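Q: File follows, input02.tsv with TSV, C-alpha atoms:
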chain	number	residue	atom	x	y	z
A	1	MET	CA	-1.10	-28.21	8.27
A	2	ALA	CA	0.31	-24.70	8.01
A	3	GLY	CA	2.54	-24.09	5.03
A	4	GLN	CA	5.02	-21.41	4.15
A	5	HIS	CA	2.71	-20.09	1.42
A	6	GLU	CA	-0.29	-19.42	3.64
A	7	LEU	CA	-1.33	-15.80	3.70
A	8	SER	CA	-3.12	-13.79	6.35
A	9	ALA	CA	-6.56	-12.37	5.65
A	10	ALA	CA	-5.02	-8.87	5.68
A	11	THR	CA	-2.40	-9.84	3.08
A	12	ILE	CA	-5.07	-11.41	0.86
A	13	ALA	CA	-7.15	-8.22	1.15
A	14	ASP	CA	-4.11	-6.08	0.26
A	15	GLU	CA	-3.29	-8.26	-2.75
A	16	GLN	CA	-6.89	-8.11	-3.95
A	17	ALA	CA	-6.95	-4.30	-3.60
A	18	ILE	CA	-3.70	-4.03	-5.57
A	19	PHE	CA	-5.03	-6.36	-8.27
A	20	ARG	CA	-8.15	-4.18	-8.52
A	21	LEU	CA	-5.87	-1.13	-8.85
A	22	ALA	CA	-4.34	-2.69	-11.99
A	23	HIS	CA	-7.84	-3.21	-13.43
A	24	LEU	CA	-8.80	0.39	-12.67
A	25	TYR	CA	-5.62	1.53	-14.44
A	26	ALA	CA	-6.57	-0.44	-17.58
A	27	GLN	CA	-10.06	1.02	-17.49
A	28	ALA	CA	-8.85	4.61	-17.02
A	29	VAL	CA	-6.33	4.32	-19.86
A	30	ASP	CA	-8.79	2.72	-22.28
A	31	ARG	CA	-11.53	5.24	-21.47
A	32	ARG	CA	-9.03	8.11	-21.67
A	33	ASP	CA	-10.17	9.23	-18.22
A	34	THR	CA	-7.48	11.68	-17.16
A	35	GLU	CA	-8.74	12.22	-13.61
A	36	ALA	CA	-9.31	8.55	-12.91
A	37	LEU	CA	-5.81	7.74	-14.17
A	38	ALA	CA	-4.16	10.45	-12.06
A	39	SER	CA	-6.11	9.38	-8.96
A	40	LEU	CA	-4.56	5.90	-9.09
A	41	PHE	CA	-1.08	7.31	-8.39
A	42	ILE	CA	0.55	9.02	-5.44
A	43	GLU	CA	1.09	12.75	-6.01
A	44	ASP	CA	4.61	12.23	-7.40
A	45	GLY	CA	3.85	8.86	-9.02
A	46	VAL	CA	5.67	7.75	-12.18
A	47	ILE	CA	5.03	5.76	-15.34
A	48	ASP	CA	8.28	4.87	-17.11
A	49	ARG	CA	8.84	3.15	-20.45
A	50	ASN	CA	12.44	2.85	-21.62
A	51	GLY	CA	13.44	6.02	-19.79
A	52	ASN	CA	10.51	8.00	-21.22
A	53	ALA	CA	8.84	8.88	-17.94
A	54	TRP	CA	5.82	10.84	-16.81
A	55	HIS	CA	6.39	12.20	-13.29
A	56	GLY	CA	3.54	13.37	-11.10
A	57	ARG	CA	-0.21	13.54	-11.52
A	58	THR	CA	-0.11	16.59	-13.78
A	59	ALA	CA	2.11	14.81	-16.30
A	60	LEU	CA	0.13	11.56	-15.97
A	61	ARG	CA	-3.03	13.44	-16.98
A	62	GLY	CA	-1.39	13.95	-20.40
A	63	ILE	CA	-1.18	10.23	-21.19
A	64	PRO	CA	-4.77	9.81	-22.45
A	65	ALA	CA	-4.38	12.65	-24.95
A	66	ARG	CA	-1.12	11.13	-26.16
A	67	LEU	CA	-2.84	7.78	-26.68
A	68	ASP	CA	-5.70	9.52	-28.51
A	69	GLY	CA	-3.16	11.01	-30.90
A	70	LEU	CA	-1.69	7.59	-31.66
A	71	TYR	CA	-4.64	5.17	-31.61
A	72	ALA	CA	-8.34	4.97	-32.43
A	73	SER	CA	-8.76	2.79	-29.34
A	74	THR	CA	-6.90	0.57	-26.90
A	75	LEU	CA	-7.84	-2.45	-24.82
A	76	HIS	CA	-5.62	-3.31	-21.88
A	77	THR	CA	-6.16	-6.69	-20.24
A	78	VAL	CA	-4.79	-7.49	-16.80
A	79	ARG	CA	-3.32	-10.96	-16.46
A	80	ASN	CA	-1.39	-12.54	-13.61
A	81	GLN	CA	0.11	-10.47	-10.85
A	82	THR	CA	2.58	-11.25	-8.07
A	83	VAL	CA	2.92	-8.86	-5.16
A	84	THR	CA	4.99	-8.67	-1.99
A	85	VAL	CA	3.37	-6.50	0.67
A	86	ASP	CA	5.51	-4.90	3.36
A	87	GLY	CA	3.35	-2.76	5.62
A	88	ASP	CA	2.17	0.26	3.64
A	89	THR	CA	4.37	-0.44	0.62
A	90	ALA	CA	4.43	-3.25	-1.90
A	91	GLU	CA	6.28	-4.33	-5.01
A	92	GLY	CA	5.07	-6.56	-7.77
A	93	GLU	CA	4.90	-7.57	-11.37
A	94	THR	CA	1.71	-7.33	-13.41
A	95	TYR	CA	1.31	-8.96	-16.79
A	96	SER	CA	-0.86	-7.37	-19.46
A	97	ILE	CA	-1.71	-7.69	-23.10
A	98	ALA	CA	-2.52	-4.31	-24.58
A	99	CYS	CA	-4.26	-4.07	-27.94
A	100	HIS	CA	-3.81	-0.81	-29.87
A	101	LEU	CA	-6.07	-0.13	-32.85
A	102	LYS	CA	-4.58	2.37	-35.28
A	103	ARG	CA	-6.85	4.70	-37.21
A	104	PRO	CA	-7.55	3.45	-40.75
A	105	GLU	CA	-4.96	4.69	-43.22
A	106	ASP	CA	-4.64	4.00	-46.95
A	107	GLY	CA	-7.58	1.60	-46.78
A	108	LYS	CA	-5.92	-0.46	-44.03
A	109	GLN	CA	-6.62	-0.97	-40.36
A	110	VAL	CA	-3.80	-2.20	-38.13
A	111	ARG	CA	-3.90	-3.62	-34.60
A	112	ILE	CA	-0.69	-3.68	-32.56
A	113	ASP	CA	-0.65	-5.98	-29.53
A	114	TRP	CA	1.97	-5.70	-26.81
A	115	GLY	CA	2.92	-8.30	-24.23
A	116	ILE	CA	3.70	-6.14	-21.20
A	117	ARG	CA	5.22	-6.76	-17.77
A	118	TYR	CA	4.72	-3.83	-15.42
A	119	GLN	CA	7.29	-3.58	-12.65
A	120	ASP	CA	5.15	-1.95	-10.00
A	121	ARG	CA	5.72	-0.20	-6.70
A	122	PHE	CA	2.72	0.63	-4.54
A	123	THR	CA	2.04	2.81	-1.52
A	124	ARG	CA	-0.94	2.79	0.80
A	125	GLU	CA	-2.21	6.32	1.50
A	126	ASN	CA	-5.22	6.99	3.73
A	127	GLY	CA	-6.10	3.30	3.60
A	128	ALA	CA	-6.05	3.04	-0.22
A	129	TRP	CA	-3.40	1.40	-2.38
A	130	LEU	CA	-1.94	3.63	-5.11
A	131	PHE	CA	0.78	3.26	-7.69
A	132	ALA	CA	4.09	4.86	-6.77
A	133	LYS	CA	5.74	3.72	-10.00
A	134	ARG	CA	4.86	1.61	-13.04
A	135	GLU	CA	7.74	0.61	-15.25
A	136	LEU	CA	6.46	-0.74	-18.55
A	137	ILE	CA	8.50	-3.52	-20.14
A	138	VAL	CA	7.30	-4.64	-23.58
A	139	ASP	CA	8.38	-8.25	-24.12
A	140	TRP	CA	6.84	-8.72	-27.55
A	141	VAL	CA	4.85	-6.93	-30.24
A	142	GLU	CA	2.48	-8.42	-32.79
A	143	THR	CA	1.04	-6.40	-35.66
A	144	THR	CA	-2.08	-7.59	-37.49
A	145	GLU	CA	-3.75	-6.04	-40.51
A	146	LEU	CA	-7.52	-6.11	-40.08
A	147	PRO	CA	-10.31	-5.69	-42.62
A	148	ILE	CA	-12.03	-2.35	-42.36
A	149	ALA	CA	-15.66	-2.83	-41.39
A	150	PRO	CA	-18.13	-1.55	-44.02
Would you kindly transcribe this structure into structure tokens?
A:
Amino acid sequence: MAGQHELSAATIADEQAIFRLAHLYAQAVDRRDTEALASLFIEDGVIDRNGNAWHGRTALRGIPARLDGLYASTLHTVRNQTVTVDGDTAEGETYSIACHLKRPEDGKQVRIDWGIRYQDRFTRENGAWLFAKRELIVDWVETTELPIAP
């Protein structure tokens, strides 16, 4: 019996490619790979957090250095994602938990975890899905003091 929630093979393939794009984003950010990060966006792609936006691939290449200045390391996990595909564009929401490890200071090590919902817009260019815009919404923050490893 056909239901209203059945998806075509093409739609499933598009959703899987977009889900993979979110994983590649997490990997590029955590590895501080400027070129990989920029390549996941259209030429004038945007990342926006509370009006603090990076516009275009040149600006996006600066994000890894900014993260390096703030954190010893990060670990972004990709959780559930919902996407609506409309031809060569799509919109969706991607959940993430991002762990940020501060550099040790005053004998303390702090980890800051963020519960994130990305409001995403995607564009297919030359057969590949890319981010057009990622709006970062932080729903919650948890800070944990960790022992410093000997």
Q: So how many Å separate atom CA of Arg20 of chain A and atom CA of Lys102 of chain A, to one decimal?
A: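 Going from atom CA of Arg20 of chain A over to atom CA of Lys102 of chain A covers 27.8 Å.
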Q: Using all atoms listed in the file, can you tell me which of A:Gly115, A:Leu21, A:Ala59, A:Val85 comes closest to Ser8 of chain A?
A: A:Val85
Q: Please check which residues have atoms at most 12 Å from (-4.5, 1.3, 8.0) in the file's coordinates, counting only C-alpha atoms, and write them as a list in words.
A: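 Every residue inside that radius is included here: Ala10, Asp14, Gly87, Asp88, Thr89, Thr123, Arg124, Glu125, Asn126, Gly127, Ala128 and Trp129 of chain A.
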Q: Looking at A:Val83, A:His76, A:Glu105, A:Asn52, which one is nearest to Gln16 of chain A, with distances taken over only C-alpha atoms?
A: A:Val83
Q: Have a look at atom CA of Glu93 of chain A and atom CA of Gln119 of chain A and let me know their distance in Å, one decimal.
A: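 That distance, rounded to one decimal, is 4.8 Å.
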Q: Counting only C-alpha atoms, which residues sit no farther than 10 Å from the position (-2.0, -3.8, -32.4) in the file's frame? I'd like them as a ChimeraX atom specification.
A: /A:71,73-75,98-102,109-114,141-146
Q: Can I get the selected residues back with C-alpha atoms, as a short mmCIF file (atom, residue, chain, number, x, y, z; two decimals), in the coordinates of the input?
A:
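Below is the file that was written, result18.cif:
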data_model
loop_
_atom_site.label_atom_id
_atom_site.label_comp_id
_atom_site.auth_asym_id
_atom_site.auth_seq_id
_atom_site.Cartn_x
_atom_site.Cartn_y
_atom_site.Cartn_z
CA TYR A 71 -4.64 5.17 -31.61
CA SER A 73 -8.76 2.79 -29.34
CA THR A 74 -6.90 0.57 -26.90
CA LEU A 75 -7.84 -2.45 -24.82
CA ALA A 98 -2.52 -4.31 -24.58
CA CYS A 99 -4.26 -4.07 -27.94
CA HIS A 100 -3.81 -0.81 -29.87
CA LEU A 101 -6.07 -0.13 -32.85
CA LYS A 102 -4.58 2.37 -35.28
CA GLN A 109 -6.62 -0.97 -40.36
CA VAL A 110 -3.80 -2.20 -38.13
CA ARG A 111 -3.90 -3.62 -34.60
CA ILE A 112 -0.69 -3.68 -32.56
CA ASP A 113 -0.65 -5.98 -29.53
CA TRP A 114 1.97 -5.70 -26.81
CA VAL A 141 4.85 -6.93 -30.24
CA GLU A 142 2.48 -8.42 -32.79
CA THR A 143 1.04 -6.40 -35.66
CA THR A 144 -2.08 -7.59 -37.49
CA GLU A 145 -3.75 -6.04 -40.51
CA LEU A 146 -7.52 -6.11 -40.08
#
Q: What's the separation between atom CA of Ile12 of chain A and atom CA of Tyr95 of chain A, in Å to one decimal place?
A: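 Answer for the atom CA of Ile12 of chain A to atom CA of Tyr95 of chain A separation: 18.9 Å.
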Q: For each of A:Asp68, A:Asp139, A:Asp44, A:Asp120, take the minimum atom-to-atom distance to Arg32 of chain A, counting all atoms listed in the file, then give the residue where this is smallest.
A: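 Of all the options, A:Asp68 lies closest to Arg32 of chain A.
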Q: Could you pull the residues within 12 Å of Gly45 of chain A, counting all atoms listed in the file, minus those fewer than 2 positions along the same chain, as a PDB file with C-alpha atoms, in the frame of the given file?
A:
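This is the output file part.pdb:
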ATOM      1  CA  LEU A  37      -5.810   7.740 -14.170  1.00  0.00           C
ATOM      2  CA  ALA A  38      -4.160  10.450 -12.060  1.00  0.00           C
ATOM      3  CA  SER A  39      -6.110   9.380  -8.960  1.00  0.00           C
ATOM      4  CA  LEU A  40      -4.560   5.900  -9.090  1.00  0.00           C
ATOM      5  CA  PHE A  41      -1.080   7.310  -8.390  1.00  0.00           C
ATOM      6  CA  ILE A  42       0.550   9.020  -5.440  1.00  0.00           C
ATOM      7  CA  GLU A  43       1.090  12.750  -6.010  1.00  0.00           C
ATOM      8  CA  ILE A  47       5.030   5.760 -15.340  1.00  0.00           C
ATOM      9  CA  ASP A  48       8.280   4.870 -17.110  1.00  0.00           C
ATOM     10  CA  ALA A  53       8.840   8.880 -17.940  1.00  0.00           C
ATOM     11  CA  TRP A  54       5.820  10.840 -16.810  1.00  0.00           C
ATOM     12  CA  HIS A  55       6.390  12.200 -13.290  1.00  0.00           C
ATOM     13  CA  GLY A  56       3.540  13.370 -11.100  1.00  0.00           C
ATOM     14  CA  ARG A  57      -0.210  13.540 -11.520  1.00  0.00           C
ATOM     15  CA  THR A  58      -0.110  16.590 -13.780  1.00  0.00           C
ATOM     16  CA  ALA A  59       2.110  14.810 -16.300  1.00  0.00           C
ATOM     17  CA  LEU A  60       0.130  11.560 -15.970  1.00  0.00           C
ATOM     18  CA  ARG A  61      -3.030  13.440 -16.980  1.00  0.00           C
ATOM     19  CA  ASP A 120       5.150  -1.950 -10.000  1.00  0.00           C
ATOM     20  CA  ARG A 121       5.720  -0.200  -6.700  1.00  0.00           C
ATOM     21  CA  PHE A 122       2.720   0.630  -4.540  1.00  0.00           C
ATOM     22  CA  THR A 123       2.040   2.810  -1.520  1.00  0.00           C
ATOM     23  CA  LEU A 130      -1.940   3.630  -5.110  1.00  0.00           C
ATOM     24  CA  PHE A 131       0.780   3.260  -7.690  1.00  0.00           C
ATOM     25  CA  ALA A 132       4.090   4.860  -6.770  1.00  0.00           C
ATOM     26  CA  LYS A 133       5.740   3.720 -10.000  1.00  0.00           C
ATOM     27  CA  ARG A 134       4.860   1.610 -13.040  1.00  0.00           C
ATOM     28  CA  GLU A 135       7.740   0.610 -15.250  1.00  0.00           C
TER      29      GLU A 135
END
Q: Of the candidates A:Val138, A:Ala9, A:Ile18, A:Ala65, which shows the shortest atom-to-atom distance to Asn80 of chain A, using only C-alpha atoms?
A: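 Once distances to Asn80 of chain A are computed over only C-alpha atoms, the minimum belongs to A:Ile18.
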Q: Check the smallest atom-to-atom distance from each of A:Ala90, A:Ile148, A:Asp106, A:Arg117 to Thr11 of chain A using all atoms listed in the file, then report the winner.
A: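 Among A:Ala90, A:Ile148, A:Asp106, A:Arg117, it is A:Ala90 that comes nearest to Thr11 of chain A.
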